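**Student:** Input file: model22.tsv. Contents: TSV, C-alpha atoms and all ligand atoms.
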chain	number	residue	atom	x	y	z
A	1	MET	CA	-24.10	18.01	7.03
A	2	THR	CA	-20.67	16.40	6.87
A	3	ALA	CA	-20.20	13.36	4.65
A	4	ALA	CA	-19.24	10.14	6.46
A	5	PRO	CA	-15.47	9.71	6.41
A	6	GLU	CA	-14.06	7.30	3.85
A	7	ARG	CA	-11.46	4.61	4.58
A	8	ILE	CA	-8.46	3.24	2.68
A	9	LEU	CA	-6.18	0.26	3.31
A	10	VAL	CA	-2.54	1.32	3.08
A	11	LEU	CA	0.36	-1.14	3.05
A	12	LEU	CA	3.92	-0.01	3.68
A	13	LYS	CA	5.61	-2.72	1.66
A	14	PRO	CA	8.77	-4.68	2.67
A	15	ASP	CA	11.09	-2.19	0.93
A	16	ALA	CA	9.59	0.66	2.99
A	17	VAL	CA	10.23	-1.27	6.23
A	18	GLU	CA	13.74	-2.38	5.17
A	19	ARG	CA	14.69	1.18	4.24
A	20	ARG	CA	13.34	2.68	7.50
A	21	LEU	CA	10.82	4.81	5.60
A	22	THR	CA	7.66	3.82	7.48
A	23	GLY	CA	7.78	6.89	9.72
A	24	GLU	CA	8.32	9.25	6.78
A	25	ILE	CA	5.43	7.74	4.82
A	26	LEU	CA	3.03	7.79	7.79
A	27	ARG	CA	4.18	11.33	8.55
A	28	ARG	CA	3.10	12.46	5.09
A	29	ILE	CA	-0.30	10.81	5.43
A	30	GLU	CA	-0.84	12.38	8.85
A	31	ALA	CA	0.51	15.78	7.77
A	32	LYS	CA	-2.10	15.79	5.00
A	33	GLY	CA	-4.69	15.60	7.78
A	34	TYR	CA	-5.86	11.97	7.67
A	35	SER	CA	-6.28	9.73	10.73
A	36	LEU	CA	-4.71	6.32	11.35
A	37	THR	CA	-7.46	4.14	12.83
A	38	ALA	CA	-5.77	0.68	12.82
A	39	LEU	CA	-2.17	-0.41	12.32
A	40	LYS	CA	-0.14	-3.64	12.47
A	41	LEU	CA	3.24	-5.07	11.43
A	42	VAL	CA	2.77	-8.44	9.74
A	43	VAL	CA	4.55	-10.82	7.37
A	44	PRO	CA	1.88	-11.62	4.76
A	45	THR	CA	1.09	-15.23	3.96
A	46	ALA	CA	0.69	-16.32	0.34
A	47	GLU	CA	-3.02	-16.78	1.07
A	48	VAL	CA	-3.55	-13.23	2.32
A	49	LEU	CA	-1.61	-11.89	-0.63
A	50	ALA	CA	-3.62	-13.91	-3.16
A	51	ALA	CA	-6.86	-12.57	-1.68
A	52	HIS	CA	-5.51	-9.03	-1.61
A	53	TYR	CA	-4.21	-9.15	-5.19
A	54	ALA	CA	-7.06	-11.28	-6.59
A	55	GLU	CA	-7.18	-9.12	-9.73
A	56	HIS	CA	-3.47	-9.81	-10.39
A	57	VAL	CA	-2.96	-13.50	-9.47
A	58	ASP	CA	-3.02	-14.63	-13.10
A	59	LYS	CA	-0.72	-11.88	-14.37
A	60	PRO	CA	2.84	-12.77	-15.45
A	61	PHE	CA	4.34	-10.46	-12.84
A	62	TYR	CA	2.44	-12.02	-9.91
A	63	PRO	CA	5.15	-14.57	-8.83
A	64	GLY	CA	7.55	-11.65	-8.53
A	65	VAL	CA	5.00	-9.76	-6.45
A	66	VAL	CA	4.70	-12.74	-4.05
A	67	GLU	CA	8.49	-12.92	-3.68
A	68	TYR	CA	8.61	-9.16	-3.01
A	69	MET	CA	5.66	-8.88	-0.66
A	70	THR	CA	6.41	-11.98	1.49
A	71	ARG	CA	10.14	-11.38	2.02
A	72	GLY	CA	9.59	-9.46	5.25
A	73	PRO	CA	7.09	-7.54	7.31
A	74	VAL	CA	4.70	-4.95	5.93
A	75	VAL	CA	2.89	-2.30	7.94
A	76	ALA	CA	-0.87	-2.50	7.29
A	77	VAL	CA	-2.81	0.65	8.13
A	78	VAL	CA	-6.42	1.79	7.95
A	79	VAL	CA	-6.55	5.50	7.17
A	80	GLU	CA	-9.68	7.61	7.41
A	81	GLY	CA	-10.93	10.96	6.17
A	82	GLN	CA	-13.09	12.65	3.56
A	83	ARG	CA	-11.95	11.59	0.05
A	84	VAL	CA	-9.04	9.70	1.58
A	85	VAL	CA	-8.79	7.26	-1.35
A	86	ALA	CA	-8.11	10.05	-3.84
A	87	GLY	CA	-5.93	11.89	-1.33
A	88	VAL	CA	-3.67	8.97	-0.43
A	89	ARG	CA	-3.42	7.77	-4.05
A	90	SER	CA	-2.28	11.29	-4.93
A	91	LEU	CA	0.34	11.26	-2.15
A	92	MET	CA	1.56	7.83	-3.37
A	93	GLY	CA	2.16	8.75	-7.00
A	94	ALA	CA	2.15	6.52	-10.09
A	95	THR	CA	2.81	2.77	-9.96
A	96	ASP	CA	6.21	3.06	-11.72
A	97	PRO	CA	8.48	4.78	-9.19
A	98	THR	CA	11.11	5.71	-11.77
A	99	THR	CA	8.70	8.14	-13.43
A	100	ALA	CA	6.30	8.87	-10.55
A	101	ALA	CA	6.15	12.62	-9.96
A	102	PRO	CA	8.72	14.10	-7.59
A	103	GLY	CA	6.96	15.14	-4.39
A	104	THR	CA	5.07	11.87	-4.23
A	105	ILE	CA	6.13	8.98	-1.97
A	106	ARG	CA	6.99	6.73	-4.91
A	107	GLY	CA	8.57	9.58	-6.86
A	108	ASP	CA	10.76	10.73	-3.98
A	109	PHE	CA	11.88	7.37	-2.58
A	110	GLY	CA	11.41	4.73	-5.30
A	111	ARG	CA	13.20	3.60	-8.40
A	112	ASP	CA	13.72	0.51	-10.57
A	113	TRP	CA	15.98	-1.98	-8.76
A	114	GLY	CA	16.03	-4.47	-11.65
A	115	THR	CA	13.76	-6.95	-9.83
A	116	ASP	CA	10.86	-8.92	-11.36
A	117	ALA	CA	8.25	-6.97	-9.39
A	118	ILE	CA	7.97	-3.21	-9.28
A	119	GLN	CA	9.09	-2.19	-5.78
A	120	ASN	CA	7.17	0.96	-5.02
A	121	LEU	CA	7.02	1.18	-1.23
A	122	VAL	CA	3.32	1.61	-0.70
A	123	HIS	CA	-0.12	0.20	-1.57
A	124	GLY	CA	-3.37	2.10	-1.38
A	125	SER	CA	-6.84	0.78	-2.22
A	126	ASP	CA	-8.14	2.15	-5.53
A	127	SER	CA	-11.77	2.78	-4.43
A	128	PRO	CA	-13.88	2.77	-1.26
A	129	GLU	CA	-15.25	-0.62	-2.36
A	130	SER	CA	-11.72	-2.05	-2.74
A	131	ALA	CA	-10.86	-0.56	0.66
A	132	ALA	CA	-13.75	-2.39	2.36
A	133	ARG	CA	-12.72	-5.68	0.71
A	134	GLU	CA	-9.02	-5.24	1.58
A	135	ILE	CA	-9.63	-4.08	5.18
A	136	ALA	CA	-11.63	-7.29	5.76
A	137	ILE	CA	-8.62	-9.32	4.52
A	138	TRP	CA	-5.94	-7.56	6.60
A	139	PHE	CA	-8.04	-6.68	9.66
A	140	PRO	CA	-10.67	-9.45	10.02
A	141	GLU	CA	-10.77	-8.64	13.77
A	142	LEU	CA	-12.36	-5.27	12.98
A	143	GLY	CA	-15.42	-7.12	11.73
A	144	ALA	CA	-16.20	-4.32	9.29
B	201	LIG	N1	3.24	-4.68	-10.29
B	201	LIG	C1	4.40	-5.22	-10.87
B	201	LIG	N2	4.49	-5.21	-12.25
B	201	LIG	C2	3.52	-4.69	-13.06
B	201	LIG	C3	2.37	-4.15	-12.45
B	201	LIG	C4	2.26	-4.16	-11.07
B	201	LIG	O1	5.30	-5.69	-10.18
B	201	LIG	O2	3.68	-4.70	-14.30
B	201	LIG	C5	3.13	-4.70	-8.82
B	201	LIG	C6	3.48	-3.34	-8.19
B	201	LIG	O3	4.14	-3.56	-6.95
B	201	LIG	C7	2.10	-2.72	-8.00
B	201	LIG	C8	1.24	-3.94	-7.67
B	201	LIG	O4	1.80	-5.00	-8.46
B	201	LIG	O5	2.10	-1.74	-6.99
B	201	LIG	C9	-0.24	-3.76	-7.99
B	201	LIG	O6	-0.39	-3.27	-9.30
B	201	LIG	P1	-1.44	-2.12	-9.65
B	201	LIG	O7	-1.50	-2.04	-11.13
B	201	LIG	O8	-2.70	-2.38	-8.91
B	201	LIG	O9	-0.71	-0.79	-9.13
B	201	LIG	P2	-0.99	0.16	-7.87
B	201	LIG	O10	-2.48	0.20	-7.65
B	201	LIG	O11	-0.22	-0.43	-6.71
B	201	LIG	O12	-0.43	1.51	-8.28
B	202	MG	MG	-3.88	-1.38	-7.52
Would you write out, as structure tokens, the structure that this file holds?

**Tutor:**
Amino acid sequence: MTAAPERILVLLKPDAVERRLTGEILRRIEAKGYSLTALKLVVPTAEVLAAHYAEHVDKPFYPGVVEYMTRGPVVAVVVEGQRVVAGVRSLMGATDPTTAAPGTIRGDFGRDWGTDAIQNLVHGSDSPESAAREIAIWFPELGA
């Protein structure tokens, strides 16, 4: 028996698009062996962002996150594979890109730019349950 594949919602944030790093980041996810099953380029609305970051809307850093995440397009991707949440979170590295491990996406390409929000190139759902919730927000047309 093979376990049903898991899904994760990945966002390539505005800094990843601006810096022409979307191909490199998707390359790493694909090279690890995961499948891209849905993908779109979209400028997030404040409403989508508030739903996505519901756990953070009351945090002091949230206004900075809105400014960061709505300043340009993001690439939203559904990625699939066994244990993909753990796998993609491992590829991403720690939230703070200055100290994220070298070899990770955030560690290799990110740093502190002195902005209110931490610009760290990529989002990945933190559990299969979060993934299901977030995929419904970014891909309502999938009806899943
Ligand atoms: N964030 C921030 N300041 C903070 C914590 C988080 O700007 O002190 C931003 C950052 O872009 C981060 C996102 O909010 O990626 C969500 O935070 P979380 O703690 O969920 O980190 P992640 O799961 O993205 O590693
Ligand atoms: Mg998170």

**Student:** Once you count only C-alpha atoms and all ligand atoms, what closest atom pair and distance in Å to one decimal does each residue of chain A within 6 Å of ligand LIG 201 (chain B) have, with rows by chain and rising residue number, as a Markdown table?

**Tutor:**
| residue | atom | partner | partner_atom | distance |
| --- | --- | --- | --- | --- |
| A:Phe61 | CA | B:LIG201 | N2 | 5.3 |
| A:Val65 | CA | B:LIG201 | O1 | 5.5 |
| A:Ala94 | CA | B:LIG201 | O12 | 5.9 |
| A:Thr95 | CA | B:LIG201 | O12 | 3.9 |
| A:Ala117 | CA | B:LIG201 | O1 | 3.3 |
| A:Ile118 | CA | B:LIG201 | O1 | 3.8 |
| A:Gln119 | CA | B:LIG201 | O3 | 5.3 |
| A:Asn120 | CA | B:LIG201 | O3 | 5.8 |
| A:His123 | CA | B:LIG201 | O11 | 5.2 |

**Student:** Closest to ligand MG 202 (chain B) among A:Asp58, A:Asp116, A:Glu30, A:Asp126, using only C-alpha atoms and all ligand atoms?

**Tutor:**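 Of the candidates, the smallest distance to ligand MG 202 (chain B) is held by A:Asp126.
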
**Student:** Expressed in Å to a single decimal, how great is the separation between CA of Lys32 (chain A) and CA of Val75 (chain A)?

**Tutor:**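 Going from CA of Lys32 (chain A) over to CA of Val75 (chain A) covers 19.0 Å.
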
**Student:** Measure the distance from CA of Ala51 (chain A) to CA of Val17 (chain A) in Å and round it to one decimal.

**Tutor:**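 We find that CA of Ala51 (chain A) and CA of Val17 (chain A) lie 22.0 Å from each other.
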
**Student:** Using all atoms listed in the file, pick whichever of A:Glu141, A:His52, A:Tyr34, A:Arg27 has the shortest atom-to-atom distance to ligand MG 202 (chain B).

**Tutor:**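 Among the listed residues, A:His52 lies closest to ligand MG 202 (chain B).
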
**Student:** Closest to ligand MG 202 (chain B) among A:Thr22, A:Glu55, A:Gly143, A:Val74, using only C-alpha atoms and all ligand atoms?

**Tutor:**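 Of A:Thr22, A:Glu55, A:Gly143, A:Val74, the one nearest ligand MG 202 (chain B) is A:Glu55, counting only C-alpha atoms and all ligand atoms.
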
**Student:** Using only C-alpha atoms and all ligand atoms, which residues of chain A come within 12 Å of ligand MG 202 (chain B), and what is the closest atom pair for each, with the distance in Å to one decimal? Give it as JSON lines, sorted by chain and residue number.

**Tutor:**
{"residue": "A:Leu9", "atom": "CA", "partner": "B:MG202", "partner_atom": "MG", "distance": 11.2}
{"residue": "A:Val10", "atom": "CA", "partner": "B:MG202", "partner_atom": "MG", "distance": 11.0}
{"residue": "A:Leu11", "atom": "CA", "partner": "B:MG202", "partner_atom": "MG", "distance": 11.4}
{"residue": "A:His52", "atom": "CA", "partner": "B:MG202", "partner_atom": "MG", "distance": 9.8}
{"residue": "A:Tyr53", "atom": "CA", "partner": "B:MG202", "partner_atom": "MG", "distance": 8.1}
{"residue": "A:Ala54", "atom": "CA", "partner": "B:MG202", "partner_atom": "MG", "distance": 10.4}
{"residue": "A:Glu55", "atom": "CA", "partner": "B:MG202", "partner_atom": "MG", "distance": 8.7}
{"residue": "A:His56", "atom": "CA", "partner": "B:MG202", "partner_atom": "MG", "distance": 8.9}
{"residue": "A:Val85", "atom": "CA", "partner": "B:MG202", "partner_atom": "MG", "distance": 11.7}
{"residue": "A:Arg89", "atom": "CA", "partner": "B:MG202", "partner_atom": "MG", "distance": 9.8}
{"residue": "A:Met92", "atom": "CA", "partner": "B:MG202", "partner_atom": "MG", "distance": 11.5}
{"residue": "A:Gly93", "atom": "CA", "partner": "B:MG202", "partner_atom": "MG", "distance": 11.8}
{"residue": "A:Ala94", "atom": "CA", "partner": "B:MG202", "partner_atom": "MG", "distance": 10.3}
{"residue": "A:Thr95", "atom": "CA", "partner": "B:MG202", "partner_atom": "MG", "distance": 8.2}
{"residue": "A:Asp96", "atom": "CA", "partner": "B:MG202", "partner_atom": "MG", "distance": 11.8}
{"residue": "A:Asn120", "atom": "CA", "partner": "B:MG202", "partner_atom": "MG", "distance": 11.6}
{"residue": "A:Val122", "atom": "CA", "partner": "B:MG202", "partner_atom": "MG", "distance": 10.4}
{"residue": "A:His123", "atom": "CA", "partner": "B:MG202", "partner_atom": "MG", "distance": 7.2}
{"residue": "A:Gly124", "atom": "CA", "partner": "B:MG202", "partner_atom": "MG", "distance": 7.1}
{"residue": "A:Ser125", "atom": "CA", "partner": "B:MG202", "partner_atom": "MG", "distance": 6.4}
{"residue": "A:Asp126", "atom": "CA", "partner": "B:MG202", "partner_atom": "MG", "distance": 5.9}
{"residue": "A:Ser127", "atom": "CA", "partner": "B:MG202", "partner_atom": "MG", "distance": 9.4}
{"residue": "A:Ser130", "atom": "CA", "partner": "B:MG202", "partner_atom": "MG", "distance": 9.2}
{"residue": "A:Ala131", "atom": "CA", "partner": "B:MG202", "partner_atom": "MG", "distance": 10.8}
{"residue": "A:Glu134", "atom": "CA", "partner": "B:MG202", "partner_atom": "MG", "distance": 11.1}

**Student:** Just the number, please: distance in Å from CA of Leu49 (chain A) to CA of Val66 (chain A), one decimal.

**Tutor:** 7.2 Å

**Student:** Could you work out an axis-aligned box for region 65-78 of chain A, taking every atom the file lists and adding 3 Å on each side, and report centre and edge lengths in Å to one decimal, as JSON?

**Tutor:**
{"center_x": 1.9, "center_y": -5.6, "center_z": 0.8, "size_x": 22.6, "size_y": 20.7, "size_z": 20.6}

**Student:** Kindly indicate which residue among A:Met69, A:Ile8, A:Ala31, A:Val78 lies nearest to Pro44 (chain A), using all atoms listed in the file for the distances.

**Tutor:**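 The closest residue to Pro44 (chain A) is A:Met69.
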
**Student:** Please determine, counting only C-alpha atoms, which residue among A:Pro140, A:Ala16, A:Leu39, A:Ala50 has the shortest atom-to-atom distance to Ala76 (chain A).

**Tutor:** A:Leu39

**Student:** Smallest atom-to-atom distance to Thr104 (chain A): which of A:Glu47, A:Gly23, A:Arg28, A:Glu18, using all atoms listed in the file?

**Tutor:**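 Going through A:Glu47, A:Gly23, A:Arg28, A:Glu18 one by one, the smallest distance to Thr104 (chain A) is for A:Arg28.
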
**Student:** Show me, as an mmCIF file with C-alpha atoms, in the frame of the given file, the residues that have an atom within 9 Å of Arg83 (chain A) when counting all atoms listed in the file, minus same-chain residues fewer than 5 positions from it.

**Tutor:**
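Result file around07.cif:
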data_model
loop_
_atom_site.group_PDB
_atom_site.id
_atom_site.type_symbol
_atom_site.label_atom_id
_atom_site.label_comp_id
_atom_site.auth_asym_id
_atom_site.auth_seq_id
_atom_site.Cartn_x
_atom_site.Cartn_y
_atom_site.Cartn_z
ATOM 1 C CA PRO A 5 -15.470 9.710 6.410
ATOM 2 C CA GLU A 6 -14.060 7.300 3.850
ATOM 3 C CA ARG A 7 -11.460 4.610 4.580
ATOM 4 C CA VAL A 88 -3.670 8.970 -0.430
#

**Student:** Could you give me, as a VMD selection string, the residues within 7 Å of Gly110 (chain A), counting all atoms listed in the file and dropping anything in the same chain fewer than 6 positions from it?

**Tutor:** chain A and resid 97 to 98 120 to 121

**Student:** For region 111-132 of chain A, supply N, CA, C and O atoms and format the output as a PDB file, keeping the file's coordinate frame.

**Tutor:**
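Once written, result_27.pdb looks like this:
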ATOM      1  N   ARG A 111      12.615   3.694  -7.075  1.00  0.00           N
ATOM      2  CA  ARG A 111      13.200   3.600  -8.400  1.00  0.00           C
ATOM      3  C   ARG A 111      13.184   2.149  -8.836  1.00  0.00           C
ATOM      4  O   ARG A 111      12.793   1.260  -8.067  1.00  0.00           O
ATOM      5  N   ASP A 112      13.611   1.873 -10.058  1.00  0.00           N
ATOM      6  CA  ASP A 112      13.720   0.510 -10.570  1.00  0.00           C
ATOM      7  C   ASP A 112      14.988  -0.112  -9.997  1.00  0.00           C
ATOM      8  O   ASP A 112      16.080   0.458 -10.142  1.00  0.00           O
ATOM      9  N   TRP A 113      14.822  -1.280  -9.326  1.00  0.00           N
ATOM     10  CA  TRP A 113      15.980  -1.980  -8.760  1.00  0.00           C
ATOM     11  C   TRP A 113      16.339  -3.201  -9.592  1.00  0.00           C
ATOM     12  O   TRP A 113      17.137  -4.042  -9.158  1.00  0.00           O
ATOM     13  N   GLY A 114      15.724  -3.349 -10.765  1.00  0.00           N
ATOM     14  CA  GLY A 114      16.030  -4.470 -11.650  1.00  0.00           C
ATOM     15  C   GLY A 114      15.415  -5.781 -11.204  1.00  0.00           C
ATOM     16  O   GLY A 114      15.827  -6.847 -11.659  1.00  0.00           O
ATOM     17  N   THR A 115      14.417  -5.746 -10.318  1.00  0.00           N
ATOM     18  CA  THR A 115      13.760  -6.950  -9.830  1.00  0.00           C
ATOM     19  C   THR A 115      12.538  -7.277 -10.697  1.00  0.00           C
ATOM     20  O   THR A 115      12.054  -6.426 -11.450  1.00  0.00           O
ATOM     21  N   ASP A 116      12.025  -8.502 -10.565  1.00  0.00           N
ATOM     22  CA  ASP A 116      10.860  -8.920 -11.360  1.00  0.00           C
ATOM     23  C   ASP A 116       9.648  -8.041 -11.055  1.00  0.00           C
ATOM     24  O   ASP A 116       8.943  -7.616 -11.962  1.00  0.00           O
ATOM     25  N   ALA A 117       9.401  -7.801  -9.773  1.00  0.00           N
ATOM     26  CA  ALA A 117       8.250  -6.970  -9.390  1.00  0.00           C
ATOM     27  C   ALA A 117       8.689  -5.522  -9.260  1.00  0.00           C
ATOM     28  O   ALA A 117       9.837  -5.225  -8.945  1.00  0.00           O
ATOM     29  N   ILE A 118       7.740  -4.639  -9.502  1.00  0.00           N
ATOM     30  CA  ILE A 118       7.970  -3.210  -9.280  1.00  0.00           C
ATOM     31  C   ILE A 118       7.915  -2.956  -7.776  1.00  0.00           C
ATOM     32  O   ILE A 118       6.867  -3.148  -7.148  1.00  0.00           O
ATOM     33  N   GLN A 119       9.039  -2.519  -7.208  1.00  0.00           N
ATOM     34  CA  GLN A 119       9.090  -2.190  -5.780  1.00  0.00           C
ATOM     35  C   GLN A 119       8.784  -0.710  -5.631  1.00  0.00           C
ATOM     36  O   GLN A 119       9.580   0.134  -6.024  1.00  0.00           O
ATOM     37  N   ASN A 120       7.631  -0.436  -5.052  1.00  0.00           N
ATOM     38  CA  ASN A 120       7.170   0.960  -5.020  1.00  0.00           C
ATOM     39  C   ASN A 120       6.641   1.389  -3.643  1.00  0.00           C
ATOM     40  O   ASN A 120       5.844   2.326  -3.549  1.00  0.00           O
ATOM     41  N   LEU A 121       7.123   0.722  -2.623  1.00  0.00           N
ATOM     42  CA  LEU A 121       7.020   1.180  -1.230  1.00  0.00           C
ATOM     43  C   LEU A 121       5.655   1.143  -0.579  1.00  0.00           C
ATOM     44  O   LEU A 121       5.553   0.911   0.620  1.00  0.00           O
ATOM     45  N   VAL A 122       4.606   1.385  -1.352  1.00  0.00           N
ATOM     46  CA  VAL A 122       3.320   1.610  -0.700  1.00  0.00           C
ATOM     47  C   VAL A 122       2.174   1.098  -1.583  1.00  0.00           C
ATOM     48  O   VAL A 122       2.258   1.137  -2.822  1.00  0.00           O
ATOM     49  N   HIS A 123       1.143   0.566  -0.919  1.00  0.00           N
ATOM     50  CA  HIS A 123      -0.120   0.200  -1.570  1.00  0.00           C
ATOM     51  C   HIS A 123      -1.224   1.064  -0.996  1.00  0.00           C
ATOM     52  O   HIS A 123      -1.234   1.333   0.212  1.00  0.00           O
ATOM     53  N   GLY A 124      -2.158   1.453  -1.849  1.00  0.00           N
ATOM     54  CA  GLY A 124      -3.370   2.100  -1.380  1.00  0.00           C
ATOM     55  C   GLY A 124      -4.545   1.604  -2.200  1.00  0.00           C
ATOM     56  O   GLY A 124      -4.462   1.539  -3.435  1.00  0.00           O
ATOM     57  N   SER A 125      -5.645   1.261  -1.523  1.00  0.00           N
ATOM     58  CA  SER A 125      -6.840   0.780  -2.220  1.00  0.00           C
ATOM     59  C   SER A 125      -7.262   1.784  -3.287  1.00  0.00           C
ATOM     60  O   SER A 125      -7.134   2.994  -3.102  1.00  0.00           O
ATOM     61  N   ASP A 126      -7.822   1.262  -4.407  1.00  0.00           N
ATOM     62  CA  ASP A 126      -8.140   2.150  -5.530  1.00  0.00           C
ATOM     63  C   ASP A 126      -9.578   2.673  -5.531  1.00  0.00           C
ATOM     64  O   ASP A 126      -9.955   3.435  -6.424  1.00  0.00           O
ATOM     65  N   SER A 127     -10.387   2.275  -4.545  1.00  0.00           N
ATOM     66  CA  SER A 127     -11.770   2.780  -4.430  1.00  0.00           C
ATOM     67  C   SER A 127     -12.262   2.463  -3.021  1.00  0.00           C
ATOM     68  O   SER A 127     -11.690   1.601  -2.342  1.00  0.00           O
ATOM     69  N   PRO A 128     -13.319   3.117  -2.578  1.00  0.00           N
ATOM     70  CA  PRO A 128     -13.880   2.770  -1.260  1.00  0.00           C
ATOM     71  C   PRO A 128     -14.341   1.313  -1.203  1.00  0.00           C
ATOM     72  O   PRO A 128     -14.221   0.664  -0.152  1.00  0.00           O
ATOM     73  N   GLU A 129     -14.816   0.776  -2.327  1.00  0.00           N
ATOM     74  CA  GLU A 129     -15.250  -0.620  -2.360  1.00  0.00           C
ATOM     75  C   GLU A 129     -14.045  -1.556  -2.202  1.00  0.00           C
ATOM     76  O   GLU A 129     -14.097  -2.549  -1.465  1.00  0.00           O
ATOM     77  N   SER A 130     -12.955  -1.268  -2.901  1.00  0.00           N
ATOM     78  CA  SER A 130     -11.720  -2.050  -2.740  1.00  0.00           C
ATOM     79  C   SER A 130     -11.222  -1.945  -1.306  1.00  0.00           C
ATOM     80  O   SER A 130     -10.736  -2.918  -0.721  1.00  0.00           O
ATOM     81  N   ALA A 131     -11.317  -0.760  -0.719  1.00  0.00           N
ATOM     82  CA  ALA A 131     -10.860  -0.560   0.660  1.00  0.00           C
ATOM     83  C   ALA A 131     -11.632  -1.474   1.609  1.00  0.00           C
ATOM     84  O   ALA A 131     -11.033  -2.137   2.460  1.00  0.00           O
ATOM     85  N   ALA A 132     -12.937  -1.542   1.473  1.00  0.00           N
ATOM     86  CA  ALA A 132     -13.750  -2.390   2.360  1.00  0.00           C
ATOM     87  C   ALA A 132     -13.333  -3.857   2.216  1.00  0.00           C
ATOM     88  O   ALA A 132     -13.179  -4.573   3.214  1.00  0.00           O
TER      89      ALA A 132
END
